[in-house]
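> Handing you this structure, nothing more for now.
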Number of protein chains: 2
Amino acid sequence: MNDLEPAVPEKKKYHHGDLREQLLEAVTTLVEEHGPEGFSLAQACRRAGVSTAAPYKHFKDRTEIMQAVILRAMGRMRSQMQAAADAHPARDPRRIVALGQAYVDFARAEPGMFQAIFGLAEGPNDSELLNDAGDRTGSIVKHVVADHRGEPVDSQDVEIRAYILWCFVHGHSFLYLDDKVPFELSGKVENHMLRIVGDAILPT
Amino acid sequence: MNDLEPAVPEKKKYHHGDLREQLLEAVTTLVEEHGPEGFSLAQACRRAGVSTAAPYKHFKDRTEIMQAVILRAMGRMRSQMQAAADAHPARDPRRIVALGQAYVDFARAEPGMFQAIFGLAEGPNDSELLNDAGDRTGSIVKHVVADHRGEPVDSQDVEIRAYILWCFVHGHSFLYLDDKVPFELSGKVENHMLRIVGDAILPT
DNA sequence: CTGGAAAAGTTAGCGTTGCTAACATATGTT
DNA sequence: AACATATGTTAGCAACGCTAACTTTTCCAG
C-alpha cells in the first residue's frame, strides 16, 4: 500500500528535510554577502532554521563545510570555462579570449566564492579533493593551449604558456575585485587586454 | 597557548612606553604566522605583555591596527620595487624582469602581509591612505613602462601594458603562495617566465 | 508489529574573541 | 602641589566555534 513514489528517488527525509543541502546553500550566499572569512556558521544556522549545534551532525567542522561549498563552486567555474572553450574551434584566437573571459566573469559573478577557492594555503585548501578539482580546471587551459600550438599537453612549453595565461587572468580577477584597476574598464577594454595577452603569449 | 613575551628590557612600569610600536610588531609577525584573518588581537596583547583592552588606547579597533600594519608593509614593498628598478637602466629588458621579481620576492618573503595588502575590498582596504600608498607603488611600474617605451606615463598604452604586467606578477604571486604552480618552479624558470612576459608585452 | 539501534535534531555550557565601561596610575604643565 | 591627560587595569557583554548530553524521529531485523 505504498503511496505513489516521486519520480526522483527521494533521499531519506528525517526531521526537517535535508539540512545538509540547505546549509551549503546558506553558506554559499553568506560567503557572497560577507566574504569567505566574514560570515558565521551561526548565521547559516539561523537561515536554515536550526540550532547552532545542528551542522555538526553533517560536518566535522567549519572547514569541512567550506570544503564542500568550495568544491561545488569549482564545479560551476569549470563547467563555465569548458563551455567557453567549446564555443570556439581550436587555433582561433577568440577561443583564448573566451576562456580568459569566462575566468574573469566567474570571479565577477561569484566574488566571494572566487576568493574562497583561492583562499591561500592557510585555509581549508589542503584537501586532496580540492586539489584534484583544481587540477581538472587547469587541465582545460592546458588542453586549449596545446590545441592552439599543436603540441602535446605535457610539453614544458605548453605548461609554461598556459600558466602565464592563468596568472594574468587570475591577477586581473583579484585586482578587479579589489578595485585596483587603474583605468576605466569597459567590456571592450577588457576584451582588448585579453586579446593583447593572448596574442602575445600564444602568437598565431 | 603559551604566548610568552619576547625578551625585552624589563620595565615594570605601569606605562608601557612603547606599546603602539610593539603591538604593530606583534601583529606583523602574527599575520605571518596565522594569516591576516587567522590571528587574534588577544594574542598580540599577550605578546606585548598587556591586557586585551590596552590596544584601544592607541587604535580605534582591529581594522585600524591592520591598516597601520598594512601601510608599513606597503612601504617596504614599494622601496624594494624602487630599488629593483633603480638597479637597471631604462629600456633594459632586465629592468622589467627585476621589477617583477621584486614583486614576487616580496610576496614570498612576507606572504601574510602580501595577502593582507591585497585582502580584497571587504577588509580594511577602503582607506584613503592605503589607496594612495597603492597608487604610489603602481606609479613605479607605470614609470618603468613609460621609460621603456619612451611614452608619457599617462598614455593609455602605458597604463594598459603596465597593468598587464602587474596582473601577471600578481597572479603568479598568489598562485605560488597557494601552491598552485603546476610545475617545478626553479629560480631559473621563474626568471624565464618573467622574461617571456616582459618581452611579449613590452617588445624592444 | 514491535523494539532497539542509529540518525538528526535539541539545550546547556566551555573557552576565546572584539570591544566597552569604569576605574587606577603615571606623566607633564602650571 | 595639583590637576588634566595619557595610558594602563579589571570586569563584563554578546557572538562565535565546538562539545556533551539529552530527545525525538526513522529505519530495520525478528
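In the C-alpha cells, chains take letters A, B, ... by order of appearance, with residues numbered from 1 within each chain and ligands from 1 in the order shown.
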Please build the interface table for chain D against chain A with a cut-off of 9 Å, listing for each qualifying residue the nearest atom pair and the distance in Å to one decimal; count only C-alpha atoms (C1' of nucleotides), order rows by chain and increasing number, and write it as a Markdown table.


```
| residue | atom | partner | partner_atom | distance |
| --- | --- | --- | --- | --- |
| D:DC16 | C1' | A:Ser40 | CA | 7.3 |
| D:DG17 | C1' | A:Arg62 | CA | 8.0 |
| D:DC18 | C1' | A:Asp61 | CA | 8.0 |
| D:DT24 | C1' | A:His15 | CA | 8.8 |
| D:DT25 | C1' | A:His15 | CA | 6.5 |
| D:DT26 | C1' | A:Tyr14 | CA | 6.4 |
```

> Report as a Markdown table the residues of chain B within 8 Å of chain A, each with its shortest atom pair and distance in Å (one decimal), using only C-alpha atoms, ordered by chain and increasing residue number.


```
| residue | atom | partner | partner_atom | distance |
| --- | --- | --- | --- | --- |
| B:His34 | CA | A:Glu122 | CA | 7.4 |
| B:Gly35 | CA | A:Glu122 | CA | 6.9 |
| B:Glu37 | CA | A:Glu37 | CA | 7.3 |
| B:Phe118 | CA | A:Asp178 | CA | 7.1 |
| B:Gly119 | CA | A:Asp178 | CA | 7.6 |
| B:Leu120 | CA | A:Asp178 | CA | 4.6 |
| B:Ala121 | CA | A:Asp178 | CA | 5.1 |
| B:Glu122 | CA | A:Gly35 | CA | 6.9 |
| B:Glu159 | CA | A:Pro182 | CA | 7.6 |
| B:Ile160 | CA | A:Met193 | CA | 7.5 |
| B:Tyr163 | CA | A:Val181 | CA | 7.6 |
| B:Ile164 | CA | A:Phe168 | CA | 7.1 |
| B:Trp166 | CA | A:Gly171 | CA | 7.6 |
| B:Cys167 | CA | A:Gly171 | CA | 4.3 |
| B:Phe168 | CA | A:Phe168 | CA | 4.3 |
| B:Val169 | CA | A:Cys167 | CA | 7.3 |
| B:His170 | CA | A:Gly171 | CA | 5.0 |
| B:Gly171 | CA | A:Gly171 | CA | 3.7 |
| B:His172 | CA | A:Cys167 | CA | 5.0 |
| B:Phe174 | CA | A:Leu120 | CA | 7.6 |
| B:Leu175 | CA | A:Cys167 | CA | 7.4 |
| B:Leu177 | CA | A:Leu120 | CA | 6.5 |
| B:Asp178 | CA | A:Leu120 | CA | 4.6 |
| B:Asp179 | CA | A:Ala121 | CA | 7.1 |
| B:Val181 | CA | A:Tyr163 | CA | 7.6 |
| B:Pro182 | CA | A:Tyr163 | CA | 7.6 |
| B:Phe183 | CA | A:Glu159 | CA | 7.6 |
| B:Met193 | CA | A:Ile160 | CA | 7.5 |
| B:Val197 | CA | A:Ile201 | CA | 7.4 |
| B:Ala200 | CA | A:Ala200 | CA | 5.2 |
| B:Ile201 | CA | A:Ala200 | CA | 6.6 |
```

> Using C-alpha atoms, can you export the residues from the last selection as a PDB file, in the first residue's frame?


```pdb
ATOM      1  CA  HIS B  34      48.475  32.696  11.170  1.00  0.00           C
ATOM      2  CA  GLY B  35      47.438  34.718   8.149  1.00  0.00           C
ATOM      3  CA  GLU B  37      42.402  36.720   9.341  1.00  0.00           C
ATOM      4  CA  PHE B 118      45.507  42.638  -1.204  1.00  0.00           C
ATOM      5  CA  GLY B 119      42.871  41.364   1.133  1.00  0.00           C
ATOM      6  CA  LEU B 120      40.013  42.431  -1.102  1.00  0.00           C
ATOM      7  CA  ALA B 121      37.553  45.199  -0.652  1.00  0.00           C
ATOM      8  CA  GLU B 122      35.610  43.653   2.212  1.00  0.00           C
ATOM      9  CA  GLU B 159      48.653  52.222 -18.500  1.00  0.00           C
ATOM     10  CA  ILE B 160      47.324  49.084 -20.087  1.00  0.00           C
ATOM     11  CA  TYR B 163      48.545  46.854 -15.737  1.00  0.00           C
ATOM     12  CA  ILE B 164      49.021  43.686 -17.736  1.00  0.00           C
ATOM     13  CA  TRP B 166      51.026  43.855 -12.811  1.00  0.00           C
ATOM     14  CA  CYS B 167      48.285  41.282 -13.385  1.00  0.00           C
ATOM     15  CA  PHE B 168      50.841  38.678 -14.290  1.00  0.00           C
ATOM     16  CA  VAL B 169      53.140  39.076 -11.288  1.00  0.00           C
ATOM     17  CA  HIS B 170      50.137  39.493  -9.018  1.00  0.00           C
ATOM     18  CA  GLY B 171      48.514  36.321 -10.253  1.00  0.00           C
ATOM     19  CA  HIS B 172      51.762  34.428 -10.135  1.00  0.00           C
ATOM     20  CA  PHE B 174      49.013  34.412  -5.401  1.00  0.00           C
ATOM     21  CA  LEU B 175      49.152  31.139  -7.240  1.00  0.00           C
ATOM     22  CA  LEU B 177      51.566  31.173  -2.332  1.00  0.00           C
ATOM     23  CA  ASP B 178      48.565  28.956  -2.889  1.00  0.00           C
ATOM     24  CA  ASP B 179      50.878  26.204  -4.085  1.00  0.00           C
ATOM     25  CA  VAL B 181      52.167  26.353  -9.765  1.00  0.00           C
ATOM     26  CA  PRO B 182      51.726  23.225 -11.874  1.00  0.00           C
ATOM     27  CA  PHE B 183      55.423  22.571 -12.454  1.00  0.00           C
ATOM     28  CA  MET B 193      58.775  33.327 -17.390  1.00  0.00           C
ATOM     29  CA  VAL B 197      56.140  38.046 -20.408  1.00  0.00           C
ATOM     30  CA  ALA B 200      55.903  39.789 -25.090  1.00  0.00           C
ATOM     31  CA  ILE B 201      54.174  42.763 -23.515  1.00  0.00           C
TER      32      ILE B 201
END
```

> So that I can check the surroundings of DC13 in chain D, please list as a PyMOL selection string every protein, DNA and RNA residue that reaches within 12 Å of it, counting only C-alpha atoms (C1' of nucleotides) and ignoring chain neighbours fewer than 5 positions away.

chain C and resi 17-21

> Could you pull the residues within 9 Å of Asn191 in chain B, counting only C-alpha atoms (C1' of nucleotides), minus those fewer than 5 positions along the same chain, as a ChimeraX atom specification?

/B:97-98,101,186,196

> Store the residues picked out above, limited to N, CA and C atoms, as a PDB file, in the first residue's frame.


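Result file is selection-v5.pdb:
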```
ATOM      1  N   VAL B  97      62.238  42.599 -15.786  1.00  0.00           N
ATOM      2  CA  VAL B  97      62.327  41.345 -15.046  1.00  0.00           C
ATOM      3  C   VAL B  97      62.597  41.608 -13.574  1.00  0.00           C
ATOM      4  N   ALA B  98      63.528  42.513 -13.299  1.00  0.00           N
ATOM      5  CA  ALA B  98      63.897  42.782 -11.905  1.00  0.00           C
ATOM      6  C   ALA B  98      62.720  43.350 -11.122  1.00  0.00           C
ATOM      7  N   GLN B 101      60.377  40.591 -10.456  1.00  0.00           N
ATOM      8  CA  GLN B 101      60.980  39.686  -9.473  1.00  0.00           C
ATOM      9  C   GLN B 101      60.860  40.263  -8.067  1.00  0.00           C
ATOM     10  N   SER B 186      61.882  26.548 -10.445  1.00  0.00           N
ATOM     11  CA  SER B 186      63.207  26.989 -10.016  1.00  0.00           C
ATOM     12  C   SER B 186      63.315  28.490 -10.260  1.00  0.00           C
ATOM     13  N   ILE B 196      59.851  36.074 -20.687  1.00  0.00           N
ATOM     14  CA  ILE B 196      58.875  35.844 -21.756  1.00  0.00           C
ATOM     15  C   ILE B 196      57.780  36.907 -21.716  1.00  0.00           C
TER      16      ILE B 196
END
```

> Between A:Ile117, A:Leu71, A:Leu99, A:Val141, which is the closest to Leu129 in chain A once you count only C-alpha atoms?

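Using only C-alpha atoms, Leu129 in chain A sits closest to A:Leu71.
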
> I'd like the contact shell of Met113 in chain B - 10 Å cut-off, only C-alpha atoms (C1' of nucleotides), skipping same-chain residues fewer than 3 positions apart - returned as number ranges by chain.

B: 28-32, 35-36, 66, 69-70, 72-74, 77, 106-110, 116-119

> Excluding DA21 in chain D and residues on its chain fewer than 3 positions from it, collect all residues at most 12 Å away from it, counting only C-alpha atoms (C1' of nucleotides), and give them as a VMD selection string.

chain C and resid 10 to 13

> May I have the residues from that selection written out with C-alpha atoms (C1' of nucleotides), as a short mmCIF file (atom, residue, chain, number, x, y, z; two decimals), in the first residue's frame?


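And here's again-v2.cif as it stands now:
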```
data_model
loop_
_atom_site.label_atom_id
_atom_site.label_comp_id
_atom_site.auth_asym_id
_atom_site.auth_seq_id
_atom_site.Cartn_x
_atom_site.Cartn_y
_atom_site.Cartn_z
"C1'" DT C 10 17.64 20.00 20.79
"C1'" DT C 11 19.53 22.76 25.03
"C1'" DA C 12 23.36 23.94 28.02
"C1'" DG C 13 27.81 25.23 28.52
#
```

> Residues of range 79-204 of chain B in helix (DSSP H, G or I) according to DSSP, as a PyMOL selection string?

chain B and resi 79-86+93-109+111-117+128-149+156-177+187-201
